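Asker: There's a structure below that I have some questions on.
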Amino acid sequence: MLIDQYLDAALLGLIEGLTEFLPVSSTGHLIIFDTLLGFEGPPGKVFEVVIQLGAILAICTVYFARLWKVVTGLKDDPGARHFAVAVILAFLPAMVLGAALHGVIKAVLFNPTVVSIALILGGVAILMAERLVPVPRYHQIERFPAPLALKIGLCQCLALVPGVSRSGATILGSLLMGVDRRTAAEFSFFLAIPTMAGATVYDLYKNWSLMSVDSALLIGVGFVTAFIAAALVVKVLVDFVGRYGFAPFAWYRIAIGSGMLAFLYL
C-alpha cells in the first residue's frame with residue numbers, strides 16, 4: 001500500500017477529531033476531503049464511520065471521572081440513573097432509523113453535493129436558531145425529563161443526512177428546547193458514545209467480508225489521529241461555545257459548502 005494512503009488516512013483522522021464535536025459535520029468533511037484527496041479507503045465507506053469511534057474514545061477519556069461516577073452510581077444515585085436514561089432515550093431514534101435506512105444513506109447521500117448543500121442549509125438554520133433561543137431552563141443532564149431527551153434524540157436523526165452534523169443537530173435542538181449552551185454541548189458529547197459505537201459495530205458487521213489487513217491498517221491510522229485531535233479540542237469547544245455561541249460555525253459551514261459547490265460545478 002502506498003505511503004500516500006497512510007498520510008491521507010492520518011489527515012482524515014485529524015479532520016475527524018477536530019470536527020466531530022463541532023456543529024460542522026465531521027462526516028461531511030470526510031466526504032469532501034475524500035473527494036479532494038482522491039482517497040480510496042476500505043469499501044462501503046467503513047473508514048469514514050469507524051474512525052469516528054476514535055473521537056468518541058477521546059470523550060470517554062476526557063470525561064472518564066464523570067462517566068465512572070454515573071456507572072458506579074446507577075444503583076443508589078437517582079441523578080446517575082436520570083443521566084443514563086436521558087442518554088439511552090436520546091439514542092434510540094437514531095438507532096432505529098439508522099439501521100432501517102443504512103443502505104439508502106450510504107448509496108444515495110454519501111456524496112459531496114449533498115454534503116455541500118446540507119452544510120449551507122445547516123449554517124443558515126444555525127443563524128436563524130441563534131435568534132430564537134429561549135431563556136435556558138435546563139442546566140443539568142441529570143435533571144432532563146424523559147420527553148426532552150427523546151426530542152433531542154429525534155433532532156439527532158436529522159444528522160443521518162451527511163453534512164447536517166450530529167453535534168449541530170443535537171446541540172441546536174437542545175438550545176431551542178431550553179437547555180443552556182454548556183449542558184447542550186456536553187449532552188451531545190455523551191450521546192455520541194452509544195450513537196457512534198452502534199454505527200461502528202453495525203457498519204463493520206455489514207462490511208466485514210470486504211475488510212482486509214490493509215483496510216484495517218488504514219482505519220487504525222485514522223482512528224489514532226482522530227483520538228488525539230478530539231482529546232485536544234473537546235474542552236476548548238465547550239469554553240468557546242459558552243463565550244461566543246455557534247454563529248462562527250454557521251458562517252464557516254456556509255463558506256465551505258459554497259466553496260465545495262463551486263469546485264464541483266464551476
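Ligands are numbered from 1 in the order shown, residues from 1 within each chain, and chains are lettered A, B, ... in the order they appear in the C-alpha cells.
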Could you give me, as a PyMOL selection string, the residues within 8 Å of region 11-20 of chain A, counting only C-alpha atoms and dropping anything in the same chain fewer than 5 positions from it?
Answerer: chain A and resi 25-27+29-30+33+51-52+54-55+167+221-231+233
Asker: So which bits of region 42-266 of chain A end up alpha helix (DSSP H) when you DSSP the backbone, as a ChimeraX atom specification?
Answerer: /A:46-50,52-62,64-73,78-104,112-130,146-156,166-176,181-207,213-244,247-265
Asker: Under the rule that only C-alpha atoms are counted, which of A:Tyr63, A:Phe21, A:Phe47, A:Phe263 is the nearest residue to Asp8 (chain A)?
Answerer: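 That would be A:Phe47, the residue with the smallest distance to Asp8 (chain A).
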Asker: Can you tell me which residues surround Met177 (chain A) at a distance of at most 9 Å, considering only C-alpha atoms, apart from same-chain residues fewer than 3 positions away, and format the answer as a PDB file with C-alpha atoms, in the first residue's frame?
Answerer:
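The resulting file, part08.pdb, is reproduced below:
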ATOM      1  CA  VAL A 133     -33.026  30.529  21.608  1.00  0.00           C
ATOM      2  CA  PRO A 134     -35.218  30.903  24.732  1.00  0.00           C
ATOM      3  CA  PRO A 136     -32.420  28.314  29.468  1.00  0.00           C
ATOM      4  CA  ARG A 137     -34.474  26.146  31.829  1.00  0.00           C
ATOM      5  CA  TYR A 138     -32.283  23.039  31.987  1.00  0.00           C
ATOM      6  CA  LEU A 148     -36.864  16.328  26.437  1.00  0.00           C
ATOM      7  CA  LYS A 151     -36.973  15.089  21.410  1.00  0.00           C
ATOM      8  CA  ILE A 152     -33.227  15.729  21.326  1.00  0.00           C
ATOM      9  CA  LEU A 172     -29.225  23.276  18.340  1.00  0.00           C
ATOM     10  CA  GLY A 173     -32.275  21.175  19.210  1.00  0.00           C
ATOM     11  CA  SER A 174     -31.298  21.266  22.881  1.00  0.00           C
TER      12      SER A 174
END
Asker: Find the spatial neighbours of Ala86 (chain A), counting only C-alpha atoms, within a cut-off of 10 Å - ignore same-chain residues fewer than 4 positions away - and output them as a compact mmCIF listing (two decimals) with N, CA, C and O atoms, in the first residue's frame.
Answerer:
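around-v2.txt was written with the following content:
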# COMPACT_ATOMS: atom_id res chain seq x y z
N ALA A 80 -27.64 9.79 38.66
CA ALA A 80 -26.92 8.93 37.71
C ALA A 80 -27.91 8.15 36.85
O ALA A 80 -27.69 7.98 35.64
N ARG A 81 -28.98 7.68 37.46
CA ARG A 81 -29.99 6.93 36.69
C ARG A 81 -30.68 7.84 35.67
O ARG A 81 -30.93 7.44 34.53
N HIS A 82 -31.00 9.07 36.08
CA HIS A 82 -31.61 10.02 35.15
C HIS A 82 -30.67 10.32 33.98
O HIS A 82 -31.11 10.42 32.82
N ALA A 90 -32.40 9.32 24.15
CA ALA A 90 -31.99 10.16 23.02
C ALA A 90 -31.30 9.34 21.92
O ALA A 90 -31.33 9.72 20.76
N PHE A 91 -30.70 8.22 22.30
CA PHE A 91 -30.00 7.36 21.35
C PHE A 91 -30.96 6.53 20.49
O PHE A 91 -30.70 6.26 19.31
N ILE A 141 -27.81 17.62 32.99
CA ILE A 141 -28.33 16.45 32.29
C ILE A 141 -29.10 15.56 33.25
O ILE A 141 -30.12 14.94 32.88
N GLU A 142 -28.65 15.51 34.49
CA GLU A 142 -29.29 14.67 35.49
C GLU A 142 -30.73 15.08 35.77
O GLU A 142 -31.50 14.32 36.38
N ARG A 143 -31.13 16.28 35.31
CA ARG A 143 -32.49 16.76 35.53
C ARG A 143 -33.32 16.81 34.25
O ARG A 143 -34.41 17.36 34.24
N PHE A 144 -32.81 16.23 33.17
CA PHE A 144 -33.57 16.21 31.93
C PHE A 144 -34.82 15.34 32.08
O PHE A 144 -34.71 14.17 32.45
N PRO A 145 -36.01 15.84 31.78
CA PRO A 145 -37.19 14.97 31.74
C PRO A 145 -37.11 14.05 30.52
O PRO A 145 -36.48 14.38 29.51
N ALA A 146 -37.76 12.91 30.60
CA ALA A 146 -37.70 11.91 29.52
C ALA A 146 -38.15 12.48 28.17
O ALA A 146 -37.50 12.23 27.14
N PRO A 147 -39.26 13.24 28.10
CA PRO A 147 -39.68 13.78 26.79
C PRO A 147 -38.62 14.68 26.15
O PRO A 147 -38.46 14.67 24.93
N LEU A 148 -37.91 15.45 26.96
CA LEU A 148 -36.86 16.33 26.44
C LEU A 148 -35.75 15.49 25.80
O LEU A 148 -35.31 15.78 24.67
N ALA A 149 -35.31 14.46 26.48
CA ALA A 149 -34.25 13.60 25.95
C ALA A 149 -34.68 12.95 24.63
O ALA A 149 -33.90 12.88 23.67
N LEU A 150 -35.92 12.49 24.58
CA LEU A 150 -36.42 11.85 23.37
C LEU A 150 -36.49 12.84 22.20
O LEU A 150 -36.14 12.50 21.06
N ILE A 152 -34.60 15.48 21.77
CA ILE A 152 -33.23 15.73 21.33
C ILE A 152 -32.76 14.56 20.45
O ILE A 152 -32.06 14.76 19.45
N GLY A 153 -33.16 13.36 20.82
CA GLY A 153 -32.83 12.19 20.01
C GLY A 153 -33.45 12.26 18.62
O GLY A 153 -32.82 11.85 17.63
N PHE A 187 -24.10 17.21 26.59
CA PHE A 187 -25.04 16.12 26.32
C PHE A 187 -24.81 15.56 24.91
O PHE A 187 -24.89 14.35 24.70
N LEU A 191 -24.03 11.71 24.21
CA LEU A 191 -24.93 11.00 23.30
C LEU A 191 -24.15 10.38 22.14
O LEU A 191 -24.56 9.35 21.58
Asker: Using only C-alpha atoms, can you tell me which of A:Ile193, A:Leu132, A:Leu237, A:Val164 comes closest to Ile120 (chain A)?
Answerer: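 Ranking A:Ile193, A:Leu132, A:Leu237, A:Val164 by distance to Ile120 (chain A), first place goes to A:Val164.
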Asker: Would you mind telling me which residue in A:Gly103, A:Gly28, A:Gly79, A:Pro93 lies nearest to Gly257 (chain A) when using only C-alpha atoms?
Answerer: A:Gly28
Asker: Between CA of Ile3 (chain A) and CA of Ile31 (chain A), what distance in Å does the model show, to one decimal?
Answerer: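 A separation of 20.6 Å between them.
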Asker: To one decimal place, how far is CA of Val213 (chain A) from CA of Cys60 (chain A) in Å?
Answerer: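 A separation of 27.2 Å between them.
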Asker: Using only C-alpha atoms, which protein or nucleic acid residues come within 12 Å of Lys235 (chain A)? Drop anything in the same chain fewer than 6 positions from it, and give the result as an MDAnalysis selection string.
Answerer: chainID A and resid 18 21:22 58:59 61:63 182 185:186 189 229 241:242
Asker: Between A:Gly163, A:Gly178, A:Pro194, A:Gly245, single out the one closest to Met95 (chain A), counting only C-alpha atoms.
Answerer: A:Pro194
Asker: Which of these, A:His102, A:Arg181, A:Glu130, A:Gly122, has the shortest distance to Arg243 (chain A) once you count only C-alpha atoms?
Answerer: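 Closest to Arg243 (chain A), using only C-alpha atoms: A:Arg181.
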